[in-house]
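What follows is a short report on a single structure.
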Amino acid sequence: MANYVTAIELSSSGIKLVVGYVYQDKVYVMHASEGEPLSVDKEDLINQSEAEKSLSSLLAEARRVIGNDLGSFIALLPPDGFRMKEDTESTMTVSSDSKIVQLDYANCISMIKKAVKEEGSEVIYCDPLHFETDSNESMAFPLGETSDKIYVTADAHLLPKSRYNRYIQILRDLDVFPYLTLLSPLGGLTFIKSTNPPKEYISLDIERDYSYITHIRNNHMVDSGRIPFGIDNGNKNVSIMLSTTLDRASELRHLFGFVAKKECISNPVPEVADAEELYNTFRESFSPIIEGVETFIKGKAISEGAPIVLYGLAKDEEGLDAYLKSSLNRAIYTIKNTIIGARKQSYINCLGGIICSYYPFQTPASDVKRDIKTNSFGRN
């Protein structure tokens, strides 16, 4: 049980919870569930009481299935207000034989966090870029290599402290103390990394009422943000334009999709005059996603050939990838999630978070003193 990891993603589209572990580079899932959508305030922060009630229910369900000990928790948070700062720090190796261990990495990361710390911001995670020893420079953590000193260069991920505090308070109120705290898009790119993605791409995670968009180069985040528009918003636009119910709008979308079908000819839709009007309605209703992507790309050093990697609820929207491709003039790739027990696209960020927690530079949770009852760790 000590090797289990419980990943919790906090979002307005509903809290996701996945319990699993990594064995021979594969994720195995013991339990996965998600809650209902949550309301947000004027600052787009999820309602605390609703979130705590939902998470409490998810935790109770997981414990009924797995048992009281859910292992080590990691949290995945929205990227709103995300900023990044790069820094390099070094330390003398601590072992008597000068072999590099995880504690050496942890010491460097502690110094990086102190170096980049800013008032009003919280450093939630440091993503290592490369490592340097007495005799070698590498992208991979030199675990076990002999060296008197180690240098670590990492991107520090920062969030506004007020937003971070809201999310962490929700967890703490339920006695959840995360072993790791990550941005949701970092979980996504960690999962995508296993699919051999292009060197540079834009990930687009379309959910119910928002979309996360992230610029990724060499498997590291360059920039990330949130588009305040998702599948439910588009469906509402369709219902308004066609003067029909939300259920009927959803039915039409799933029946016909974003590409022309023969069914439009043999099965007339009373809400529109012809097929062209129907598809134009779909496209216009979802155009804010196009506008959001264009706004994110504008002014950034993103190559014209960088494709968009699409995941989340968009995977179930037939023809949406073709619509995005034609509108944005970029290649579109979709991600398949074949992990047994958590095959829904909405679990991808949590699955990536679990993978991240098993990276060799991370101090194993089993080596960190933890109170089984509260999951509280002796140190960060």
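To be explicit about the labels: the chains of the structure tokens are called A, B, and onward in the order shown, and within each one the residues are counted from 1, while ligands get numbers from 1 in the order they are shown.
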Just want the 9 Å neighbourhood of Phe296 in chain A, counted on only C-alpha atoms, with same-chain residues fewer than 2 positions away dropped. Output as a PDB file with N, CA and C atoms, in the first residue's frame.
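Output below, filename around_22.pdb:
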ATOM      1  N   ILE A 213      -4.635  25.523 -22.025  1.00  0.00           N
ATOM      2  CA  ILE A 213      -3.774  25.567 -23.206  1.00  0.00           C
ATOM      3  C   ILE A 213      -2.347  25.780 -22.745  1.00  0.00           C
ATOM      4  N   THR A 214      -1.428  24.987 -23.276  1.00  0.00           N
ATOM      5  CA  THR A 214      -0.051  24.995 -22.798  1.00  0.00           C
ATOM      6  C   THR A 214       0.923  24.861 -23.963  1.00  0.00           C
ATOM      7  N   SER A 224       1.475  28.541 -19.952  1.00  0.00           N
ATOM      8  CA  SER A 224       0.201  27.841 -19.800  1.00  0.00           C
ATOM      9  C   SER A 224      -0.859  28.817 -19.318  1.00  0.00           C
ATOM     10  N   GLY A 225      -2.094  28.546 -19.676  1.00  0.00           N
ATOM     11  CA  GLY A 225      -3.195  29.403 -19.244  1.00  0.00           C
ATOM     12  C   GLY A 225      -4.523  28.691 -19.398  1.00  0.00           C
ATOM     13  N   ILE A 227      -8.486  29.014 -21.009  1.00  0.00           N
ATOM     14  CA  ILE A 227      -9.496  29.661 -21.845  1.00  0.00           C
ATOM     15  C   ILE A 227     -10.838  29.457 -21.150  1.00  0.00           C
ATOM     16  N   GLU A 291     -10.750  31.495 -30.851  1.00  0.00           N
ATOM     17  CA  GLU A 291     -10.267  32.822 -30.457  1.00  0.00           C
ATOM     18  C   GLU A 291      -9.310  32.731 -29.275  1.00  0.00           C
ATOM     19  N   GLY A 292      -9.611  31.837 -28.340  1.00  0.00           N
ATOM     20  CA  GLY A 292      -8.746  31.665 -27.179  1.00  0.00           C
ATOM     21  C   GLY A 292      -7.377  31.133 -27.553  1.00  0.00           C
ATOM     22  N   VAL A 293      -7.345  30.169 -28.469  1.00  0.00           N
ATOM     23  CA  VAL A 293      -6.061  29.616 -28.925  1.00  0.00           C
ATOM     24  C   VAL A 293      -5.261  30.689 -29.661  1.00  0.00           C
ATOM     25  N   GLU A 294      -5.913  31.445 -30.530  1.00  0.00           N
ATOM     26  CA  GLU A 294      -5.220  32.498 -31.288  1.00  0.00           C
ATOM     27  C   GLU A 294      -4.661  33.568 -30.360  1.00  0.00           C
ATOM     28  N   LYS A 298      -0.628  34.415 -29.999  1.00  0.00           N
ATOM     29  CA  LYS A 298      -0.196  35.724 -30.487  1.00  0.00           C
ATOM     30  C   LYS A 298       0.949  36.292 -29.651  1.00  0.00           C
ATOM     31  N   GLY A 299       2.021  36.680 -30.336  1.00  0.00           N
ATOM     32  CA  GLY A 299       3.149  37.316 -29.667  1.00  0.00           C
ATOM     33  C   GLY A 299       4.109  36.368 -28.988  1.00  0.00           C
ATOM     34  N   LYS A 300       3.830  35.054 -29.030  1.00  0.00           N
ATOM     35  CA  LYS A 300       4.709  34.080 -28.394  1.00  0.00           C
ATOM     36  C   LYS A 300       5.635  33.436 -29.420  1.00  0.00           C
TER      37      LYS A 300
END
What's around Lys16 in chain A at 12 Å? Count only C-alpha atoms, leave out sequence neighbours fewer than 5 positions away in its own chain, and write the answer as a PyMOL selection string. chain A and resi 6-11+31-38+51+54-59+62+74-77+184+342+344-351+353
What lies within 10 Å of Leu159 in chain A using only C-alpha atoms, ignoring chain neighbours under 5 positions off, as a ChimeraX atom specification? /A:77-84,120-125,164-165,183
Quick one: write out the picked residues with C-alpha atoms as a compact mmCIF listing (two decimals), in the first residue's frame?
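Saved file selection_22.txt follows:
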# COMPACT_ATOMS: atom_id res chain seq x y z
CA LEU A 77 -4.04 22.66 -9.61
CA PRO A 78 -5.34 25.00 -12.35
CA PRO A 79 -2.65 27.13 -14.09
CA ASP A 80 -4.45 30.48 -13.63
CA GLY A 81 -1.82 33.14 -12.96
CA PHE A 82 1.01 30.73 -13.81
CA ARG A 83 4.52 32.14 -14.11
CA MET A 84 7.86 30.43 -14.48
CA GLY A 120 2.47 37.19 -3.26
CA SER A 121 3.50 34.02 -5.12
CA GLU A 122 3.97 30.40 -4.19
CA VAL A 123 6.48 28.04 -5.80
CA ILE A 124 4.49 24.85 -6.21
CA TYR A 125 6.94 22.72 -8.16
CA TYR A 164 -2.75 28.47 -4.06
CA ASN A 165 -3.97 29.00 -0.49
CA LEU A 183 -0.05 22.14 -12.31
Polymer residues at most 8 Å from Arg253 in chain A, only C-alpha atoms, same-chain spacing of 5 or more positions, as a list in words: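 Selected residues are Phe258, Phe282 and Glu317 of chain A.
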At what distance in Å, to one decimal, does CA of Pro228 in chain A lie from CA of Ser327 in chain A?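 So the answer is 18.9 Å.
The residue set within 10 Å of Ile289 in chain A, counting only C-alpha atoms and dropping same-chain residues fewer than 3 places from it, reads Leu204, Ile206, Tyr210, Ser211, Ile227, Pro228, Phe229, Gly230, Ile231, Gly234, Ser285, Phe286, Gly292, Val293, Glu294, Thr295 and Leu324 of chain A.
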Can you list, as number ranges by chain, every protein, DNA or RNA residue that comes within 10 Å of His220 in chain A when you count only C-alpha atoms, leaving out same-chain residues fewer than 3 positions away? A: 127-129, 155, 186, 189-190, 193, 199-200, 214-217, 223
For the residues selected in the previous step, produce a file with C-alpha atoms as a PDB file, in the first residue's frame.
ATOM      1  CA  ASP A 127      10.646  20.982 -13.144  1.00  0.00           C
ATOM      2  CA  PRO A 128      14.278  19.887 -13.678  1.00  0.00           C
ATOM      3  CA  LEU A 129      15.821  20.767 -17.046  1.00  0.00           C
ATOM      4  CA  ASP A 155      11.988  25.768 -14.044  1.00  0.00           C
ATOM      5  CA  LEU A 186       2.174  19.346 -16.234  1.00  0.00           C
ATOM      6  CA  LEU A 189       2.290  16.679 -20.676  1.00  0.00           C
ATOM      7  CA  THR A 190       3.795  13.926 -18.512  1.00  0.00           C
ATOM      8  CA  LYS A 193       5.325  12.306 -23.134  1.00  0.00           C
ATOM      9  CA  LYS A 199       9.558  18.318 -29.993  1.00  0.00           C
ATOM     10  CA  GLU A 200       7.296  21.364 -29.774  1.00  0.00           C
ATOM     11  CA  THR A 214      -0.051  24.995 -22.798  1.00  0.00           C
ATOM     12  CA  HIS A 215       3.019  25.625 -24.941  1.00  0.00           C
ATOM     13  CA  ILE A 216       5.421  22.701 -24.580  1.00  0.00           C
ATOM     14  CA  ARG A 217       8.971  22.416 -25.883  1.00  0.00           C
ATOM     15  CA  ASP A 223       3.687  28.850 -20.859  1.00  0.00           C
TER      16      ASP A 223
END
In terms of the shortest atom-to-atom distance over only C-alpha atoms, which of A:Val259, A:Ile297, A:Leu320, A:Ile168 is closest to Tyr333 in chain A?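 Between A:Val259, A:Ile297, A:Leu320, A:Ile168, the residue approaching Tyr333 in chain A most closely is A:Leu320.
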Between A:Leu45, A:Leu70, A:Val222, A:Val94, which has the minimum distance to Ser162 in chain A (counting only C-alpha atoms)? A:Leu45
So which residues of range 70-314 of chain A fall under strand (DSSP E or B) by DSSP, listed as a count of residues only? 75
Can you work out the spacing between CA of Lys236 in chain A and CA of Val272 in chain A in Å, to one decimal?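 That distance, rounded to one decimal, is 16.6 Å.
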Neighbours of range 134-139 of chain A within 8 Å (only C-alpha atoms; same-chain residues fewer than 5 positions away dropped), as a list in words? Leu129, Ser147, Asp148, Lys149 and Ile150 of chain A
Write the residues of the selection above to a file with C-alpha atoms, as an mmCIF file, in the first residue's frame.
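For reference, again-v4.cif as written:
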data_model
loop_
_atom_site.group_PDB
_atom_site.id
_atom_site.type_symbol
_atom_site.label_atom_id
_atom_site.label_comp_id
_atom_site.auth_asym_id
_atom_site.auth_seq_id
_atom_site.Cartn_x
_atom_site.Cartn_y
_atom_site.Cartn_z
ATOM 1 C CA LEU A 129 15.821 20.767 -17.046
ATOM 2 C CA SER A 147 30.433 13.074 -7.780
ATOM 3 C CA ASP A 148 31.480 15.478 -5.044
ATOM 4 C CA LYS A 149 28.988 18.049 -6.286
ATOM 5 C CA ILE A 150 25.748 18.221 -8.251
#
With distances taken over only C-alpha atoms, which of A:Ser287, A:Asn329, A:Thr338, A:Asn196 is nearest to Gly305 in chain A?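 The closest residue to Gly305 in chain A is A:Asn329.
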Could you state the separation of CA of Tyr4 in chain A and CA of Ile66 in chain A in Å, given to one decimal place? 10.1 Å
